[in-house]
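Before any comments, here is the structure.
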Protein chains: 2
Amino acid sequence: MATIKAFVFDAYGTLFNVHSVIELCNRLFPGQGEELSEIWRSKQLEYTWLRSLMGRYVHFGKVTEDALVFACKHLELTLDESMKERLMEEYKKLRTFPEVPEVLKLLNGKKRVIFSNGSPDILKPVVHFNGLDDHIDDILTVDDAKVYKPDPKSYTVVLEKLHVKREEVLFISSNPWDAAGAKSFGFHVAWVNRNNKTMDELNQSPDIIVSDLYGVLQI
Amino acid sequence: MATIKAFVFDAYGTLFNVHSVIELCNRLFPGQGEELSEIWRSKQLEYTWLRSLMGRYVHFGKVTEDALVFACKHLELTLDESMKERLMEEYKKLRTFPEVPEVLKLLNGKKRVIFSNGSPDILKPVVHFNGLDDHIDDILTVDDAKVYKPDPKSYTVVLEKLHVKREEVLFISSNPWDAAGAKSFGFHVAWVNRNNKTMDELNQSPDIIVSDLYGVLQI
């Protein structure tokens with residue numbers, strides 16, 4: 001991998017812990033925070049795939065809100081407008097996984113980029129909230145392609161914005177389906193397997209598997 | 001809906017109960033049948049969406065097998081070749097929901113069609129196994145489009161094979177995302193909500209909601 005010109009990080013689940021929302025979920029709906037967060041996240045992903053397939057793209061903030069509404073209906077929780085707003089605001093305050101700030105600093109001098117499903121309205125605030133502005137060189141989003149990962153058109157945004165070739169990118173994601181999609185596209189891929197997850201059976205294998213972002217420093 | 005020329009039924013979850021496999025799952029992996037079946041089904045769907053987005057279509061039998069392999073790895077169950085074969089054979093022996101044979105008979109004289117993600121190798125046997133050959137006029141599959149629902153190109157197979165217009169189709173599915181996808185495509189849609197499920201938040205509403213297929217007879 002001598003040719004790597006950019007370290008491109010997925011955001012949600014890779015840099016930022018989407019389950020940071022559990023705390024507020026639990027305050028609003030005592031005892032149901034974990035389940036609410038799980039359903040919220042899994043539906044959020046489903047809706048990115050389904051809307052992409054249907055040709056009905058809407059930005060990630062809207063998908064995230066729709067998934068929250070579904071999750072509350074499914075669990076029979078009453079979600080009023082102010083609760084919805086508060087929970088959506090949490091998406092701008094997701095916390096990084098512990099090692100993230102240090103690893104990004106240690107990669108100083110390399111091109112460090114975020115490439116995410118997230119729309120700029122929620123992605124830029126969470127980078128700023130975590131004090132990472134100086135340690136991220138570029139924030140790229142599928143919103144420029146109007147289709148979500150793992151559609152190849154989404155990953156193409158990285159090539160167009162960074163003026164690099166596929167094989168010059170090391171794409172780093174903890175989401176198995178995203179690692180598979182990026183590998184299928186032609187990136188070098190590091191899969192961050194934080195919690196002993198199972199790789200998806202999509203006939204695509206990441207180039208390397210690391211247990212957290214420190215592993216990326218070895219490359 | 002005076003113009004309906006074809007009653008087009010989704011197969012898995014709508015006519016056939018995918019969780020018929022629980023019995024054999026439990027015999028092979030005592031006590032884990034229900035969880036195995038749940039993960040198997042949810043991954044099967046995910047993989048249809050992900051592979052469609054990635055442009056990596058493989059037929060439904062393969063997707064179903066891949067999802068089974070994932071589910072067993074995830075649950076740390078050892079799946080040998082003979083167990084895999086036996087479980088895959090079960091997909092040709094899924095049982096209908098109780099009212100299905102009677103409703104199909106009562107619709108005699110109307111055009112009764114299956115349109116499914118299923119590839120012919122597993123779909124035709126399950127229709128035959130349940131004695132439905134005489135009560136289904138056509139079996140259509142996304143395999144002719146090489147992309148899965150809810151991509152509009154998949155639903156187009158129905159128009160091309162039946163020589164009908166979108167608004168002449170009543171599409172009947174119990175899968176919320178499929179009901180949404182078909183509605184987005186332009187079919188009339190009946191959503192069969194058997195188990196008090198929650199409709200997906202995809203900005204598409206079915207024309208009618210019925211609790212089982214008897215409801216379709218009222219139309």
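Ligands are numbered from 1 in the order shown, chains are lettered A, B, ... in the order of the structure tokens, and residues start at 1 in each chain.
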Polymer residues at most 8 Å from segment 111-120 of chain A, only C-alpha atoms, same-chain spacing of 4 or more positions, as a ChimeraX atom specification: /A:5-12,59-61,104,107,124,135-143,148-149,158
Please build the interface table for chain B against chain A with a cut-off of 8 Å, listing for each qualifying residue the nearest atom pair and the distance in Å to one decimal; count only C-alpha atoms, order rows by chain and increasing number, and write it as CSV.
residue,atom,partner,partner_atom,distance
B:Glu46,CA,A:Glu46,CA,7.8
B:Tyr47,CA,A:Leu202,CA,7.3
B:Trp49,CA,A:Trp49,CA,6.4
B:Leu50,CA,A:Pro150,CA,6.8
B:Arg51,CA,A:Leu202,CA,7.4
B:Ser52,CA,A:Leu53,CA,7.7
B:Leu53,CA,A:Asp151,CA,4.7
B:Met54,CA,A:Asp151,CA,5.1
B:Gly55,CA,A:Asp151,CA,7.6
B:Asp66,CA,A:Glu201,CA,5.6
B:Ala67,CA,A:Glu201,CA,6.9
B:Val69,CA,A:Glu201,CA,7.5
B:Phe70,CA,A:Glu201,CA,6.1
B:Lys73,CA,A:Thr198,CA,7.0
B:His74,CA,A:Thr198,CA,5.7
B:Lys149,CA,A:Leu53,CA,7.8
B:Pro150,CA,A:Met54,CA,5.7
B:Asp151,CA,A:Leu53,CA,4.7
B:Pro152,CA,A:Met54,CA,6.2
B:Trp177,CA,A:Leu50,CA,7.5
B:Gly181,CA,A:Met54,CA,6.3
B:Ser184,CA,A:Met54,CA,7.4
B:Lys197,CA,A:His74,CA,7.6
B:Thr198,CA,A:His74,CA,5.7
B:Met199,CA,A:Phe70,CA,7.8
B:Asp200,CA,A:Phe70,CA,6.5
B:Glu201,CA,A:Asp66,CA,5.6
B:Leu202,CA,A:Tyr47,CA,7.3
Contact residues around Arg95 of chain B with only C-alpha atoms at 7 Å, ignoring same-chain residues under 6 positions, as a compact mmCIF listing (two decimals) with C-alpha atoms, in the first residue's frame:
# COMPACT_ATOMS: atom_id res chain seq x y z
CA PHE B 16 -45.38 -18.08 2.41
CA ASN B 17 -44.23 -17.90 6.00
CA SER B 20 -41.61 -22.09 8.72
CA ASN B 130 -48.29 -26.07 -1.37
- Query: Where in segment 17-176 of chain B does DSSP assign helix (DSSP H, G or I), given as a VMD selection string?
  - Reply: chain B and resid 18 to 28 33 to 54 60 to 74 81 to 90 100 to 106 120 to 129 133 to 135 142 to 144 152 to 162 166 to 168 176
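Of note, atom CA of Thr78 of chain A and atom CA of Gln32 of chain A are spaced 12.5 Å apart.
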- Message: List the spatial neighbours of Glu99 of chain A as a PyMOL selection string - criterion: any atom at most 12 Å away, only C-alpha atoms, same-chain residues fewer than 5 positions off excluded.
- Response: chain A and resi 14-17+104-106+194+211-217
Keeping only all heavy atoms, write the selected residues as a short mmCIF file (atom, residue, chain, number, x, y, z; two decimals), in the first residue's frame.
data_model
loop_
_atom_site.label_atom_id
_atom_site.label_comp_id
_atom_site.auth_asym_id
_atom_site.auth_seq_id
_atom_site.Cartn_x
_atom_site.Cartn_y
_atom_site.Cartn_z
N THR A 14 -17.66 4.76 13.09
CA THR A 14 -16.22 4.62 12.91
C THR A 14 -15.47 5.68 13.74
O THR A 14 -14.63 5.34 14.56
CB THR A 14 -15.86 4.74 11.41
OG1 THR A 14 -16.58 3.73 10.70
CG2 THR A 14 -14.36 4.56 11.20
N LEU A 15 -15.78 6.95 13.50
CA LEU A 15 -15.21 8.02 14.34
C LEU A 15 -16.14 8.34 15.50
O LEU A 15 -15.69 8.54 16.64
CB LEU A 15 -14.99 9.29 13.51
CG LEU A 15 -14.05 9.20 12.30
CD1 LEU A 15 -13.97 10.56 11.60
CD2 LEU A 15 -12.65 8.74 12.72
N PHE A 16 -17.43 8.41 15.21
CA PHE A 16 -18.41 8.86 16.20
C PHE A 16 -19.33 7.71 16.61
O PHE A 16 -19.80 6.95 15.76
CB PHE A 16 -19.26 10.00 15.62
CG PHE A 16 -18.43 11.12 15.07
CD1 PHE A 16 -18.34 11.35 13.70
CD2 PHE A 16 -17.70 11.93 15.94
CE1 PHE A 16 -17.54 12.38 13.20
CE2 PHE A 16 -16.90 12.96 15.44
CZ PHE A 16 -16.82 13.19 14.06
N ASN A 17 -19.57 7.63 17.90
CA ASN A 17 -20.41 6.56 18.42
C ASN A 17 -21.88 6.96 18.34
O ASN A 17 -22.34 7.81 19.12
CB ASN A 17 -20.00 6.25 19.87
CG ASN A 17 -20.72 5.03 20.40
OD1 ASN A 17 -21.69 4.55 19.80
ND2 ASN A 17 -20.26 4.53 21.54
N LEU A 104 -6.03 10.70 14.97
CA LEU A 104 -6.07 11.74 13.93
C LEU A 104 -4.88 12.68 14.06
O LEU A 104 -4.26 13.09 13.08
CB LEU A 104 -7.39 12.52 13.99
CG LEU A 104 -8.63 11.73 13.55
CD1 LEU A 104 -9.89 12.57 13.76
CD2 LEU A 104 -8.52 11.29 12.09
N LYS A 105 -4.50 13.02 15.30
CA LYS A 105 -3.33 13.88 15.52
C LYS A 105 -2.05 13.19 15.05
O LYS A 105 -1.18 13.80 14.43
CB LYS A 105 -3.21 14.27 17.01
CG LYS A 105 -4.18 15.37 17.41
CD LYS A 105 -4.15 15.62 18.92
CE LYS A 105 -5.47 16.29 19.33
NZ LYS A 105 -5.67 16.30 20.79
N LEU A 106 -1.93 11.91 15.37
CA LEU A 106 -0.71 11.17 14.99
C LEU A 106 -0.59 11.02 13.47
O LEU A 106 0.51 10.80 12.95
CB LEU A 106 -0.70 9.78 15.66
CG LEU A 106 -0.45 9.81 17.17
CD1 LEU A 106 -0.72 8.45 17.81
CD2 LEU A 106 0.99 10.26 17.48
N ARG A 194 -14.60 -3.25 16.15
CA ARG A 194 -14.45 -2.89 17.56
C ARG A 194 -15.02 -3.93 18.51
O ARG A 194 -14.48 -4.17 19.57
CB ARG A 194 -15.19 -1.57 17.84
CG ARG A 194 -14.53 -0.36 17.25
CD ARG A 194 -15.31 0.90 17.62
NE ARG A 194 -14.88 2.00 16.76
CZ ARG A 194 -13.75 2.66 16.92
NH1 ARG A 194 -12.95 2.37 17.92
NH2 ARG A 194 -13.43 3.64 16.08
N SER A 211 -8.72 -3.71 15.38
CA SER A 211 -9.71 -3.72 16.45
C SER A 211 -10.06 -2.30 16.90
O SER A 211 -11.08 -2.09 17.56
CB SER A 211 -9.21 -4.56 17.63
OG SER A 211 -7.98 -4.05 18.07
N ASP A 212 -9.23 -1.34 16.58
CA ASP A 212 -9.58 0.07 16.75
C ASP A 212 -8.68 0.90 15.83
O ASP A 212 -7.87 0.35 15.09
CB ASP A 212 -9.47 0.52 18.22
CG ASP A 212 -8.08 0.34 18.77
OD1 ASP A 212 -7.09 0.53 18.02
OD2 ASP A 212 -7.95 0.02 19.97
N LEU A 213 -8.79 2.23 15.91
CA LEU A 213 -8.10 3.05 14.92
C LEU A 213 -6.57 3.07 15.11
O LEU A 213 -5.84 3.44 14.19
CB LEU A 213 -8.63 4.48 14.91
CG LEU A 213 -10.04 4.66 14.31
CD1 LEU A 213 -10.35 6.15 14.15
CD2 LEU A 213 -10.17 3.97 12.97
N TYR A 214 -6.09 2.67 16.27
CA TYR A 214 -4.64 2.57 16.44
C TYR A 214 -4.04 1.64 15.38
O TYR A 214 -2.93 1.85 14.91
CB TYR A 214 -4.27 2.06 17.84
CG TYR A 214 -4.44 3.09 18.93
CD1 TYR A 214 -5.31 2.88 19.99
CD2 TYR A 214 -3.69 4.27 18.91
CE1 TYR A 214 -5.47 3.82 20.99
CE2 TYR A 214 -3.85 5.23 19.92
CZ TYR A 214 -4.74 4.99 20.96
OH TYR A 214 -4.89 5.93 21.93
N GLY A 215 -4.82 0.61 15.00
CA GLY A 215 -4.36 -0.34 14.01
C GLY A 215 -4.02 0.32 12.69
O GLY A 215 -3.15 -0.17 11.95
N VAL A 216 -4.69 1.40 12.38
CA VAL A 216 -4.45 2.10 11.10
C VAL A 216 -3.05 2.71 11.08
O VAL A 216 -2.44 2.85 10.01
CB VAL A 216 -5.54 3.17 10.89
CG1 VAL A 216 -5.26 4.00 9.64
CG2 VAL A 216 -6.92 2.51 10.78
N LEU A 217 -2.54 3.05 12.25
CA LEU A 217 -1.20 3.68 12.33
C LEU A 217 -0.09 2.72 11.90
O LEU A 217 1.00 3.13 11.52
CB LEU A 217 -0.91 4.16 13.74
CG LEU A 217 -1.84 5.26 14.26
CD1 LEU A 217 -1.55 5.55 15.74
CD2 LEU A 217 -1.69 6.53 13.44
#
Q.
Between atom CA of Gln44 of chain A and atom CA of Leu170 of chain B, what is the distance in Å, rounded to a tenth?
A.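 If I compute the distance from atom CA of Gln44 of chain A to atom CA of Leu170 of chain B, I get 28.8 Å.
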Could you go through segment 2-211 of chain A and tell me which residues DSSP, when run on the backbone, assigns to strand (DSSP E), listing them as a PyMOL selection string? chain A and resi 6-9+112-116+138-141+169-173+188-192+208-210
Would you export the selected residues with N, CA and C atoms as a PDB file, in the first residue's frame, please?
ATOM      1  N   ALA A   6      -4.545   9.174   0.620  1.00  0.00           N
ATOM      2  CA  ALA A   6      -5.550   9.744   1.531  1.00  0.00           C
ATOM      3  C   ALA A   6      -6.090   8.676   2.477  1.00  0.00           C
ATOM      4  N   PHE A   7      -6.185   9.048   3.761  1.00  0.00           N
ATOM      5  CA  PHE A   7      -6.854   8.223   4.756  1.00  0.00           C
ATOM      6  C   PHE A   7      -8.294   8.729   4.852  1.00  0.00           C
ATOM      7  N   VAL A   8      -9.208   7.932   4.366  1.00  0.00           N
ATOM      8  CA  VAL A   8     -10.599   8.378   4.285  1.00  0.00           C
ATOM      9  C   VAL A   8     -11.431   7.599   5.300  1.00  0.00           C
ATOM     10  N   PHE A   9     -11.980   8.338   6.272  1.00  0.00           N
ATOM     11  CA  PHE A   9     -12.705   7.714   7.376  1.00  0.00           C
ATOM     12  C   PHE A   9     -14.215   7.830   7.185  1.00  0.00           C
ATOM     13  N   ARG A 112      -6.129  13.550   5.863  1.00  0.00           N
ATOM     14  CA  ARG A 112      -7.146  12.908   6.703  1.00  0.00           C
ATOM     15  C   ARG A 112      -8.529  13.449   6.327  1.00  0.00           C
ATOM     16  N   VAL A 113      -9.370  12.559   5.835  1.00  0.00           N
ATOM     17  CA  VAL A 113     -10.642  12.984   5.247  1.00  0.00           C
ATOM     18  C   VAL A 113     -11.791  12.178   5.858  1.00  0.00           C
ATOM     19  N   ILE A 114     -12.931  12.841   6.032  1.00  0.00           N
ATOM     20  CA  ILE A 114     -14.156  12.121   6.381  1.00  0.00           C
ATOM     21  C   ILE A 114     -14.985  11.963   5.121  1.00  0.00           C
ATOM     22  N   PHE A 115     -15.494  10.758   4.901  1.00  0.00           N
ATOM     23  CA  PHE A 115     -16.469  10.561   3.822  1.00  0.00           C
ATOM     24  C   PHE A 115     -17.660   9.821   4.407  1.00  0.00           C
ATOM     25  N   SER A 116     -18.794  10.491   4.410  1.00  0.00           N
ATOM     26  CA  SER A 116     -19.923  10.013   5.205  1.00  0.00           C
ATOM     27  C   SER A 116     -21.244  10.128   4.462  1.00  0.00           C
ATOM     28  N   ASP A 138     -10.595  17.422   5.188  1.00  0.00           N
ATOM     29  CA  ASP A 138     -11.726  17.550   4.266  1.00  0.00           C
ATOM     30  C   ASP A 138     -12.911  16.765   4.806  1.00  0.00           C
ATOM     31  N   ILE A 139     -14.107  17.300   4.616  1.00  0.00           N
ATOM     32  CA  ILE A 139     -15.320  16.572   4.979  1.00  0.00           C
ATOM     33  C   ILE A 139     -16.134  16.371   3.714  1.00  0.00           C
ATOM     34  N   LEU A 140     -16.238  15.129   3.292  1.00  0.00           N
ATOM     35  CA  LEU A 140     -16.957  14.808   2.058  1.00  0.00           C
ATOM     36  C   LEU A 140     -18.235  14.049   2.389  1.00  0.00           C
ATOM     37  N   THR A 141     -19.227  14.234   1.546  1.00  0.00           N
ATOM     38  CA  THR A 141     -20.528  13.633   1.836  1.00  0.00           C
ATOM     39  C   THR A 141     -21.174  13.071   0.575  1.00  0.00           C
ATOM     40  N   VAL A 169      -6.575   5.324  -2.207  1.00  0.00           N
ATOM     41  CA  VAL A 169      -7.393   5.612  -1.024  1.00  0.00           C
ATOM     42  C   VAL A 169      -7.327   4.446  -0.037  1.00  0.00           C
ATOM     43  N   LEU A 170      -7.061   4.754   1.221  1.00  0.00           N
ATOM     44  CA  LEU A 170      -7.329   3.776   2.277  1.00  0.00           C
ATOM     45  C   LEU A 170      -8.615   4.205   2.958  1.00  0.00           C
ATOM     46  N   PHE A 171      -9.646   3.408   2.789  1.00  0.00           N
ATOM     47  CA  PHE A 171     -10.950   3.720   3.361  1.00  0.00           C
ATOM     48  C   PHE A 171     -11.099   2.930   4.651  1.00  0.00           C
ATOM     49  N   ILE A 172     -11.503   3.620   5.699  1.00  0.00           N
ATOM     50  CA  ILE A 172     -11.542   3.018   7.029  1.00  0.00           C
ATOM     51  C   ILE A 172     -12.975   3.086   7.550  1.00  0.00           C
ATOM     52  N   SER A 173     -13.570   1.943   7.790  1.00  0.00           N
ATOM     53  CA  SER A 173     -14.958   1.919   8.269  1.00  0.00           C
ATOM     54  C   SER A 173     -15.158   0.769   9.226  1.00  0.00           C
ATOM     55  N   HIS A 188      -8.610   0.511  -1.195  1.00  0.00           N
ATOM     56  CA  HIS A 188      -8.040  -0.299  -0.120  1.00  0.00           C
ATOM     57  C   HIS A 188      -8.914  -0.079   1.112  1.00  0.00           C
ATOM     58  N   VAL A 189      -9.151  -1.142   1.854  1.00  0.00           N
ATOM     59  CA  VAL A 189     -10.114  -1.023   2.954  1.00  0.00           C
ATOM     60  C   VAL A 189      -9.569  -1.612   4.250  1.00  0.00           C
ATOM     61  N   ALA A 190      -9.698  -0.805   5.294  1.00  0.00           N
ATOM     62  CA  ALA A 190      -9.459  -1.317   6.651  1.00  0.00           C
ATOM     63  C   ALA A 190     -10.798  -1.386   7.370  1.00  0.00           C
ATOM     64  N   TRP A 191     -11.135  -2.565   7.839  1.00  0.00           N
ATOM     65  CA  TRP A 191     -12.372  -2.732   8.601  1.00  0.00           C
ATOM     66  C   TRP A 191     -12.037  -2.657  10.089  1.00  0.00           C
ATOM     67  N   VAL A 192     -12.688  -1.720  10.761  1.00  0.00           N
ATOM     68  CA  VAL A 192     -12.478  -1.553  12.199  1.00  0.00           C
ATOM     69  C   VAL A 192     -13.520  -2.388  12.931  1.00  0.00           C
ATOM     70  N   ILE A 208      -7.405  -5.207   5.444  1.00  0.00           N
ATOM     71  CA  ILE A 208      -6.941  -5.462   6.807  1.00  0.00           C
ATOM     72  C   ILE A 208      -8.089  -5.276   7.791  1.00  0.00           C
ATOM     73  N   ILE A 209      -7.933  -5.965   8.925  1.00  0.00           N
ATOM     74  CA  ILE A 209      -8.928  -5.854   9.993  1.00  0.00           C
ATOM     75  C   ILE A 209      -8.196  -5.368  11.226  1.00  0.00           C
ATOM     76  N   VAL A 210      -8.715  -4.305  11.830  1.00  0.00           N
ATOM     77  CA  VAL A 210      -8.097  -3.762  13.042  1.00  0.00           C
ATOM     78  C   VAL A 210      -9.158  -3.690  14.130  1.00  0.00           C
TER      79      VAL A 210
END
task: Have a look at atom CA of Gly109 of chain A and atom CA of Lys92 of chain A and let me know their distance in Å, one decimal.
output: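 Rounded to one decimal, the two atoms are 27.0 Å apart.
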